[in-house]
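File shown: structure_13.tsv (TSV, C-alpha atoms).
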```tsv
chain	number	residue	atom	x	y	z
A	1	MET	CA	47.37	-3.98	30.69
A	2	ILE	CA	44.56	-6.47	31.36
A	3	SER	CA	45.10	-10.19	31.92
A	4	SER	CA	44.17	-12.76	29.30
A	5	ARG	CA	41.40	-14.12	31.60
A	6	VAL	CA	39.82	-10.67	31.93
A	7	ALA	CA	40.13	-10.09	28.18
A	8	TRP	CA	38.45	-13.45	27.57
A	9	ALA	CA	35.56	-12.55	29.89
A	10	LEU	CA	35.12	-9.16	28.27
A	11	GLY	CA	35.09	-10.84	24.87
A	12	LEU	CA	32.28	-13.16	25.94
A	13	LEU	CA	30.32	-10.24	27.36
A	14	THR	CA	30.68	-8.26	24.12
A	15	PHE	CA	29.68	-11.28	22.05
A	16	GLY	CA	26.59	-11.78	24.24
A	17	LEU	CA	25.55	-8.15	23.86
A	18	VAL	CA	25.91	-8.34	20.08
A	19	ILE	CA	23.83	-11.52	19.88
A	20	THR	CA	21.16	-9.98	22.14
A	21	ALA	CA	21.01	-6.89	19.96
A	22	VAL	CA	20.65	-8.97	16.80
A	23	LEU	CA	17.91	-11.11	18.29
A	24	THR	CA	16.06	-8.07	19.58
A	25	SER	CA	16.15	-6.33	16.21
A	26	THR	CA	15.04	-9.38	14.23
A	27	SER	CA	12.62	-11.15	16.53
A	28	THR	CA	10.05	-8.34	16.67
A	29	PRO	CA	7.91	-8.60	13.51
A	30	ALA	CA	6.83	-5.50	11.64
A	31	ALA	CA	3.20	-4.49	11.87
A	32	ALA	CA	1.05	-6.52	9.48
A	33	LYS	CA	0.03	-4.76	6.30
A	34	GLY	CA	-2.63	-5.64	3.78
A	35	ARG	CA	-2.49	-5.78	0.04
A	36	VAL	CA	-2.19	-2.53	-1.96
A	37	TYR	CA	-5.05	-2.11	-4.43
A	38	PRO	CA	-5.36	0.31	-7.38
A	39	GLN	CA	-6.34	3.92	-6.64
A	40	HIS	CA	-9.29	5.28	-8.63
A	41	THR	CA	-9.29	9.06	-8.95
A	42	GLY	CA	-11.79	11.70	-10.06
A	43	ILE	CA	-14.81	9.44	-9.53
A	44	VAL	CA	-18.25	11.05	-9.20
A	45	ALA	CA	-19.95	9.89	-5.99
A	46	THR	CA	-23.61	10.40	-5.21
A	47	THR	CA	-25.31	9.94	-1.83
A	48	PHE	CA	-27.81	7.27	-0.82
A	49	TRP	CA	-29.15	6.14	2.53
A	50	VAL	CA	-31.03	3.31	4.20
A	51	GLY	CA	-34.75	4.01	3.90
A	52	GLU	CA	-34.50	6.23	0.82
A	53	ILE	CA	-37.07	5.65	-1.92
A	54	PHE	CA	-36.09	7.77	-4.90
A	55	ASP	CA	-38.04	5.90	-7.58
A	56	PRO	CA	-40.75	3.48	-6.38
A	57	ASP	CA	-41.29	2.24	-9.96
A	58	ALA	CA	-37.65	1.26	-10.52
A	59	GLU	CA	-36.29	-2.17	-9.59
A	60	ASP	CA	-33.33	-0.51	-7.88
A	61	GLY	CA	-35.17	2.61	-6.70
A	62	SER	CA	-35.59	1.73	-3.03
A	63	GLN	CA	-33.01	1.53	-0.25
A	64	MET	CA	-35.37	-0.33	2.05
A	65	LEU	CA	-33.37	-3.32	0.90
A	66	SER	CA	-29.93	-3.87	-0.61
A	67	THR	CA	-28.76	-6.49	-3.07
A	68	TYR	CA	-27.13	-8.29	-0.13
A	69	ASP	CA	-29.88	-7.84	2.47
A	70	ASP	CA	-33.61	-8.07	1.74
A	71	ASN	CA	-34.24	-6.58	5.20
A	72	TRP	CA	-31.62	-3.84	5.14
A	73	TYR	CA	-33.95	-1.25	6.70
A	74	ARG	CA	-34.65	-3.50	9.68
A	75	SER	CA	-31.06	-4.78	9.93
A	76	TYR	CA	-29.75	-1.22	10.03
A	77	GLY	CA	-32.31	-0.11	12.60
A	78	GLY	CA	-34.55	2.15	10.52
A	79	CYS	CA	-34.26	5.35	8.54
A	80	ASP	CA	-30.68	6.59	8.29
A	81	GLY	CA	-31.80	10.20	8.51
A	82	ARG	CA	-35.04	11.86	9.55
A	83	GLU	CA	-38.67	10.99	8.89
A	84	VAL	CA	-40.72	13.77	7.32
A	85	LYS	CA	-44.38	12.87	6.74
A	86	GLY	CA	-43.46	9.24	6.27
A	87	ASP	CA	-40.58	10.06	3.93
A	88	CYS	CA	-37.04	9.08	4.98
A	89	ARG	CA	-34.77	12.02	4.15
A	90	THR	CA	-31.07	12.60	4.52
A	91	GLU	CA	-29.61	15.13	6.94
A	92	LYS	CA	-26.36	16.95	7.53
A	93	ARG	CA	-23.81	14.99	9.58
A	94	VAL	CA	-21.31	16.58	11.96
A	95	ALA	CA	-17.95	15.55	13.42
A	96	SER	CA	-19.09	16.22	17.00
A	97	ASN	CA	-21.51	13.29	16.63
A	98	ASP	CA	-19.06	11.09	14.69
A	99	TYR	CA	-21.22	11.76	11.60
A	100	PHE	CA	-23.87	9.43	13.02
A	101	PRO	CA	-27.61	10.10	12.46
A	102	SER	CA	-29.11	12.53	14.94
A	103	SER	CA	-32.33	10.75	15.87
A	104	MET	CA	-31.65	7.00	15.65
A	105	THR	CA	-29.01	4.52	16.76
A	106	PRO	CA	-27.75	2.41	13.85
A	107	LYS	CA	-27.24	-1.30	14.41
A	108	GLU	CA	-24.77	-1.42	11.52
A	109	ASN	CA	-21.94	0.79	10.35
A	110	PRO	CA	-23.30	4.16	9.11
A	111	PHE	CA	-20.15	4.51	7.00
A	112	TYR	CA	-21.36	2.44	4.07
A	113	LEU	CA	-21.19	2.62	0.28
A	114	ASP	CA	-21.83	0.73	-2.90
A	115	LEU	CA	-19.77	-0.11	-5.98
A	116	PRO	CA	-21.11	-1.45	-9.31
A	117	PHE	CA	-20.35	-5.12	-8.83
A	118	ASP	CA	-22.95	-7.52	-7.43
A	119	ASP	CA	-21.38	-10.94	-6.90
A	120	VAL	CA	-24.57	-12.68	-5.75
A	121	ASN	CA	-27.70	-11.55	-7.60
A	122	ASP	CA	-26.22	-10.36	-10.88
A	123	SER	CA	-25.72	-13.45	-13.05
A	124	ILE	CA	-22.53	-12.16	-14.71
A	125	GLY	CA	-21.07	-10.86	-11.44
A	126	ALA	CA	-21.78	-14.15	-9.69
A	127	LYS	CA	-20.31	-16.18	-12.56
A	128	THR	CA	-17.11	-14.17	-12.87
A	129	ARG	CA	-16.29	-13.28	-9.28
A	130	LYS	CA	-13.73	-16.07	-8.87
A	131	GLN	CA	-11.81	-14.66	-11.81
A	132	VAL	CA	-12.00	-10.94	-11.03
A	133	VAL	CA	-12.23	-10.38	-7.26
A	134	PRO	CA	-8.58	-10.10	-6.11
A	135	TRP	CA	-9.09	-11.23	-2.49
A	136	ILE	CA	-11.39	-14.17	-3.17
A	137	GLN	CA	-8.64	-16.74	-2.41
A	138	ALA	CA	-7.84	-15.20	0.98
A	139	LYS	CA	-9.60	-16.09	4.22
A	140	PRO	CA	-12.37	-15.61	5.23
A	141	TRP	CA	-13.50	-14.75	1.69
A	142	SER	CA	-12.34	-18.06	0.25
A	143	THR	CA	-14.76	-19.85	2.56
A	144	LEU	CA	-17.64	-17.54	1.61
A	145	ALA	CA	-16.88	-18.00	-2.08
A	146	LYS	CA	-17.96	-21.64	-1.85
A	147	ASP	CA	-21.51	-20.49	-1.08
A	148	ALA	CA	-23.33	-18.92	-4.03
A	149	ASP	CA	-25.60	-17.03	-1.62
A	150	SER	CA	-22.72	-15.40	0.26
A	151	SER	CA	-21.05	-12.23	-0.97
A	152	VAL	CA	-17.33	-11.54	-1.00
A	153	MET	CA	-18.09	-7.86	-1.61
A	154	LYS	CA	-20.37	-7.11	1.35
A	155	ASN	CA	-18.52	-5.59	4.34
A	156	ARG	CA	-15.30	-5.01	2.36
A	157	TRP	CA	-13.48	-1.86	3.48
A	158	VAL	CA	-12.85	1.04	1.11
A	159	LYS	CA	-10.64	4.08	1.66
A	160	ILE	CA	-12.14	7.26	0.19
A	161	SER	CA	-10.55	10.70	-0.10
A	162	ARG	CA	-11.77	14.13	-1.16
A	163	LYS	CA	-9.89	17.44	-1.01
A	164	GLY	CA	-7.58	16.40	1.83
A	165	HIS	CA	-10.20	14.49	3.81
A	166	THR	CA	-9.91	10.70	4.10
A	167	CYS	CA	-12.57	8.39	5.51
A	168	TYR	CA	-13.31	4.67	5.42
A	169	GLY	CA	-16.49	2.72	4.76
A	170	GLN	CA	-17.89	-0.76	4.18
A	171	ILE	CA	-19.67	-2.00	1.06
A	172	GLN	CA	-23.33	-2.81	1.73
A	173	ASP	CA	-24.95	-2.61	-1.71
A	174	ALA	CA	-24.19	-2.59	-5.44
A	175	GLY	CA	-24.50	0.25	-7.95
A	176	PRO	CA	-24.97	2.87	-9.18
A	177	GLY	CA	-26.46	1.99	-12.53
A	178	LYS	CA	-24.34	-1.09	-13.30
A	179	TYR	CA	-23.89	-4.40	-11.49
A	180	HIS	CA	-20.97	-6.26	-13.06
A	181	ASP	CA	-18.54	-3.48	-14.00
A	182	ALA	CA	-15.45	-5.51	-13.11
A	183	LYS	CA	-13.21	-3.54	-15.48
A	184	TYR	CA	-13.74	-0.41	-13.40
A	185	VAL	CA	-14.15	-1.85	-9.90
A	186	PHE	CA	-11.12	-4.14	-10.01
A	187	GLY	CA	-9.22	-2.49	-12.84
A	188	SER	CA	-6.19	-0.23	-12.98
A	189	ASP	CA	-5.88	3.27	-11.57
A	190	ASP	CA	-7.28	4.95	-14.69
A	191	SER	CA	-10.31	2.64	-15.14
A	192	ARG	CA	-13.55	4.60	-15.50
A	193	PRO	CA	-17.13	3.57	-14.60
A	194	ALA	CA	-19.29	2.17	-17.40
A	195	ASN	CA	-22.36	3.79	-15.83
A	196	LYS	CA	-23.80	6.75	-17.77
A	197	ARG	CA	-26.55	7.66	-15.27
A	198	TYR	CA	-26.34	10.11	-12.36
A	199	ASN	CA	-23.58	12.16	-13.99
A	200	LYS	CA	-21.61	8.95	-14.70
A	201	ALA	CA	-21.27	8.20	-10.99
A	202	GLY	CA	-19.04	5.31	-9.94
A	203	MET	CA	-20.01	5.09	-6.29
A	204	ASP	CA	-22.80	5.91	-3.83
A	205	VAL	CA	-21.85	6.92	-0.28
A	206	SER	CA	-23.84	7.13	2.92
A	207	PRO	CA	-24.73	10.40	4.72
A	208	ALA	CA	-21.94	9.66	7.24
A	209	LEU	CA	-19.36	9.49	4.46
A	210	ASN	CA	-20.93	12.52	2.79
A	211	GLY	CA	-20.32	14.54	5.96
A	212	CYS	CA	-16.92	13.04	6.75
A	213	LEU	CA	-15.66	13.83	3.24
A	214	ARG	CA	-17.18	17.35	3.34
A	215	PHE	CA	-19.33	16.92	0.23
A	216	SER	CA	-20.61	20.18	-1.23
A	217	GLU	CA	-24.21	18.90	-1.35
A	218	LEU	CA	-26.29	16.60	0.84
A	219	ASN	CA	-27.71	14.80	-2.18
A	220	GLY	CA	-25.91	15.96	-5.31
A	221	GLU	CA	-24.17	14.49	-8.34
A	222	SER	CA	-21.08	16.66	-8.61
A	223	ASP	CA	-18.69	15.64	-5.83
A	224	LYS	CA	-15.64	13.63	-6.92
A	225	VAL	CA	-13.53	11.28	-4.83
A	226	SER	CA	-10.52	9.01	-4.98
A	227	TRP	CA	-10.91	5.51	-3.61
A	228	ARG	CA	-9.26	2.13	-3.22
A	229	PHE	CA	-9.99	-1.15	-1.48
A	230	VAL	CA	-8.15	-1.75	1.79
A	231	ASP	CA	-7.78	-4.81	3.99
A	232	GLY	CA	-9.07	-4.63	7.54
A	233	VAL	CA	-5.57	-4.37	9.02
A	234	ASP	CA	-5.10	-1.07	7.19
A	235	VAL	CA	-8.24	0.60	8.54
A	236	PRO	CA	-7.17	3.12	11.21
A	237	ALA	CA	-9.10	4.17	14.29
A	238	GLY	CA	-11.96	6.54	13.54
A	239	PRO	CA	-15.74	6.93	13.75
A	240	TRP	CA	-16.08	4.27	11.01
A	241	ARG	CA	-14.90	1.67	13.55
A	242	ARG	CA	-17.47	2.61	16.20
A	243	VAL	CA	-19.98	0.13	14.76
A	244	ILE	CA	-18.58	-2.45	12.31
A	245	THR	CA	-20.94	-4.48	10.18
A	246	ARG	CA	-20.03	-8.14	10.50
```

Mind turning this structure into structure tokens?
Amino acid sequence: MISSRVAWALGLLTFGLVITAVLTSTSTPAAAKGRVYPQHTGIVATTFWVGEIFDPDAEDGSQMLSTYDDNWYRSYGGCDGREVKGDCRTEKRVASNDYFPSSMTPKENPFYLDLPFDDVNDSIGAKTRKQVVPWIQAKPWSTLAKDADSSVMKNRWVKISRKGHTCYGQIQDAGPGKYHDAKYVFGSDDSRPANKRYNKAGMDVSPALNGCLRFSELNGESDKVSWRFVDGVDVPAGPWRRVITR
């Protein structure tokens, strides 16, 4: 039989251990998570690349520039592929080289893409972005939104999946075919692209994403993907973080 003094001391010790356990379990915050955006499935994705000129007579037929960067070719560091008689062509990308180009060092993220919503140069996209872009009230986008010449689309992260392969990329252009398709870009899971060109494609991806996602063709119009926007905190480690476009 223990004395009352010893019992009192043991009681204090037990109480202290309980309080410590409670504080320990509640004072460590869970890892931050971003917002969950709709998942778009079965979307045709074509391939484009910095330096590509697929139609010199079309207003949107050259990837020497993007809707967000008049000097995209120079900003990126040159042809995102290989030069053949003055023509910038795509090339196969491999995991052993992080899907980077084989003969140049990009200054920006080679994991890039476009979606058909231009919030700067398209008059409807620019006018409606405050109503349709879901992250426009969050920082740092809310600050950019005050400047009509600054995009809240450029550099946004997108998670893309195809046949068990998942990769991440940053938006650097707008298209294909349409430039204010808010219903599709920001709509529900089953929203479909309004574009009727390029096999009704709803996204263009870079050669790095083409290789990472194991597309069946280097420059085709048949590969389908699933995609959703993700916040930066939800982008895991991977070759897409080797060079991040700021």

To test the calculation: enclose all listed atoms of segment 100-107 of chain A in a box whose edges run along x, y and z, add 4 Å on each side, then state centre and edge lengths in Å to one decimal, as JSON.
```
{"center_x": -28.1, "center_y": 5.6, "center_z": 14.6, "size_x": 16.5, "size_y": 21.8, "size_z": 12.3}
```

Within 12 Å of file point (-9.4, 0.3, 12.4), counting all atoms listed in the file, expressed as a PyMOL selection string: chain A and resi 157-159+167-170+230-244

Rank nothing, just name the residue among A:Ile171, A:Leu218, A:Val225, A:Ala208 nearest to Asp98 of chain A, using all atoms listed in the file. A:Ala208

Neighbours of segment 81-97 of chain A within 9 Å (all atoms listed in the file; same-chain residues fewer than 4 positions away dropped), as a VMD selection string? chain A and resid 47 to 53 101 to 104 207 to 212 218 to 219 239

Put those residues in a file: C-alpha atoms, as a PDB file, in the frame of the given file.
```
ATOM      1  CA  THR A  47     -25.310   9.940  -1.830  1.00  0.00           C
ATOM      2  CA  PHE A  48     -27.810   7.270  -0.820  1.00  0.00           C
ATOM      3  CA  TRP A  49     -29.150   6.140   2.530  1.00  0.00           C
ATOM      4  CA  VAL A  50     -31.030   3.310   4.200  1.00  0.00           C
ATOM      5  CA  GLY A  51     -34.750   4.010   3.900  1.00  0.00           C
ATOM      6  CA  GLU A  52     -34.500   6.230   0.820  1.00  0.00           C
ATOM      7  CA  ILE A  53     -37.070   5.650  -1.920  1.00  0.00           C
ATOM      8  CA  PRO A 101     -27.610  10.100  12.460  1.00  0.00           C
ATOM      9  CA  SER A 102     -29.110  12.530  14.940  1.00  0.00           C
ATOM     10  CA  SER A 103     -32.330  10.750  15.870  1.00  0.00           C
ATOM     11  CA  MET A 104     -31.650   7.000  15.650  1.00  0.00           C
ATOM     12  CA  PRO A 207     -24.730  10.400   4.720  1.00  0.00           C
ATOM     13  CA  ALA A 208     -21.940   9.660   7.240  1.00  0.00           C
ATOM     14  CA  LEU A 209     -19.360   9.490   4.460  1.00  0.00           C
ATOM     15  CA  ASN A 210     -20.930  12.520   2.790  1.00  0.00           C
ATOM     16  CA  GLY A 211     -20.320  14.540   5.960  1.00  0.00           C
ATOM     17  CA  CYS A 212     -16.920  13.040   6.750  1.00  0.00           C
ATOM     18  CA  LEU A 218     -26.290  16.600   0.840  1.00  0.00           C
ATOM     19  CA  ASN A 219     -27.710  14.800  -2.180  1.00  0.00           C
ATOM     20  CA  PRO A 239     -15.740   6.930  13.750  1.00  0.00           C
TER      21      PRO A 239
END
```

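When all atoms listed in the file are used to compute distances to Tyr179 of chain A, the closest of the residues A:Arg129, A:Lys139, A:Lys163, A:Arg156 turns out to be A:Arg129.
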
For a quick check of understanding, using all atoms listed in the file, which of A:Trp227, A:Tyr99, A:Phe111, A:Tyr68 has the smallest distance to Asp173 of chain A?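 Comparing A:Trp227, A:Tyr99, A:Phe111, A:Tyr68 against Asp173 of chain A, the winner is A:Tyr68.
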
Could you give me, as a PyMOL selection string, the residues within 7 Å of Val120 of chain A, counting all atoms listed in the file and dropping anything in the same chain fewer than 6 positions from it? chain A and resi 126+148-151

Grab the atom CA of Asp119 of chain A to atom CA of His180 of chain A distance for me, in Å with one decimal place.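 Computed distance, atom CA of Asp119 of chain A to atom CA of His180 of chain A, equals 7.7 Å.
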
So the first atom is atom CA of Ile160 of chain A and the second is atom CA of Ser206 of chain A; what is the distance between them in Å, to one decimal place?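 We find that atom CA of Ile160 of chain A and atom CA of Ser206 of chain A lie 12.0 Å from each other.
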
Residue contacts of Leu115 of chain A (9 Å, only C-alpha atoms) excluding same-chain residues fewer than 2 positions away, as a list of chain:residue names: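 Here the answer would be A:Leu113, A:Phe117, A:Asp118, A:Ile171, A:Gln172, A:Asp173, A:Ala174, A:Gly175, A:Pro176, A:Lys178, A:Tyr179, A:Asp181, A:Val185, A:Gly202, A:Met203, A:Asp204.
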
Could those residues be written to a file, using C-alpha atoms, as an mmCIF file, keeping the file's coordinate frame?
```cif
data_model
loop_
_atom_site.group_PDB
_atom_site.id
_atom_site.type_symbol
_atom_site.label_atom_id
_atom_site.label_comp_id
_atom_site.auth_asym_id
_atom_site.auth_seq_id
_atom_site.Cartn_x
_atom_site.Cartn_y
_atom_site.Cartn_z
ATOM 1 C CA LEU A 113 -21.190 2.620 0.280
ATOM 2 C CA PHE A 117 -20.350 -5.120 -8.830
ATOM 3 C CA ASP A 118 -22.950 -7.520 -7.430
ATOM 4 C CA ILE A 171 -19.670 -2.000 1.060
ATOM 5 C CA GLN A 172 -23.330 -2.810 1.730
ATOM 6 C CA ASP A 173 -24.950 -2.610 -1.710
ATOM 7 C CA ALA A 174 -24.190 -2.590 -5.440
ATOM 8 C CA GLY A 175 -24.500 0.250 -7.950
ATOM 9 C CA PRO A 176 -24.970 2.870 -9.180
ATOM 10 C CA LYS A 178 -24.340 -1.090 -13.300
ATOM 11 C CA TYR A 179 -23.890 -4.400 -11.490
ATOM 12 C CA ASP A 181 -18.540 -3.480 -14.000
ATOM 13 C CA VAL A 185 -14.150 -1.850 -9.900
ATOM 14 C CA GLY A 202 -19.040 5.310 -9.940
ATOM 15 C CA MET A 203 -20.010 5.090 -6.290
ATOM 16 C CA ASP A 204 -22.800 5.910 -3.830
#
```
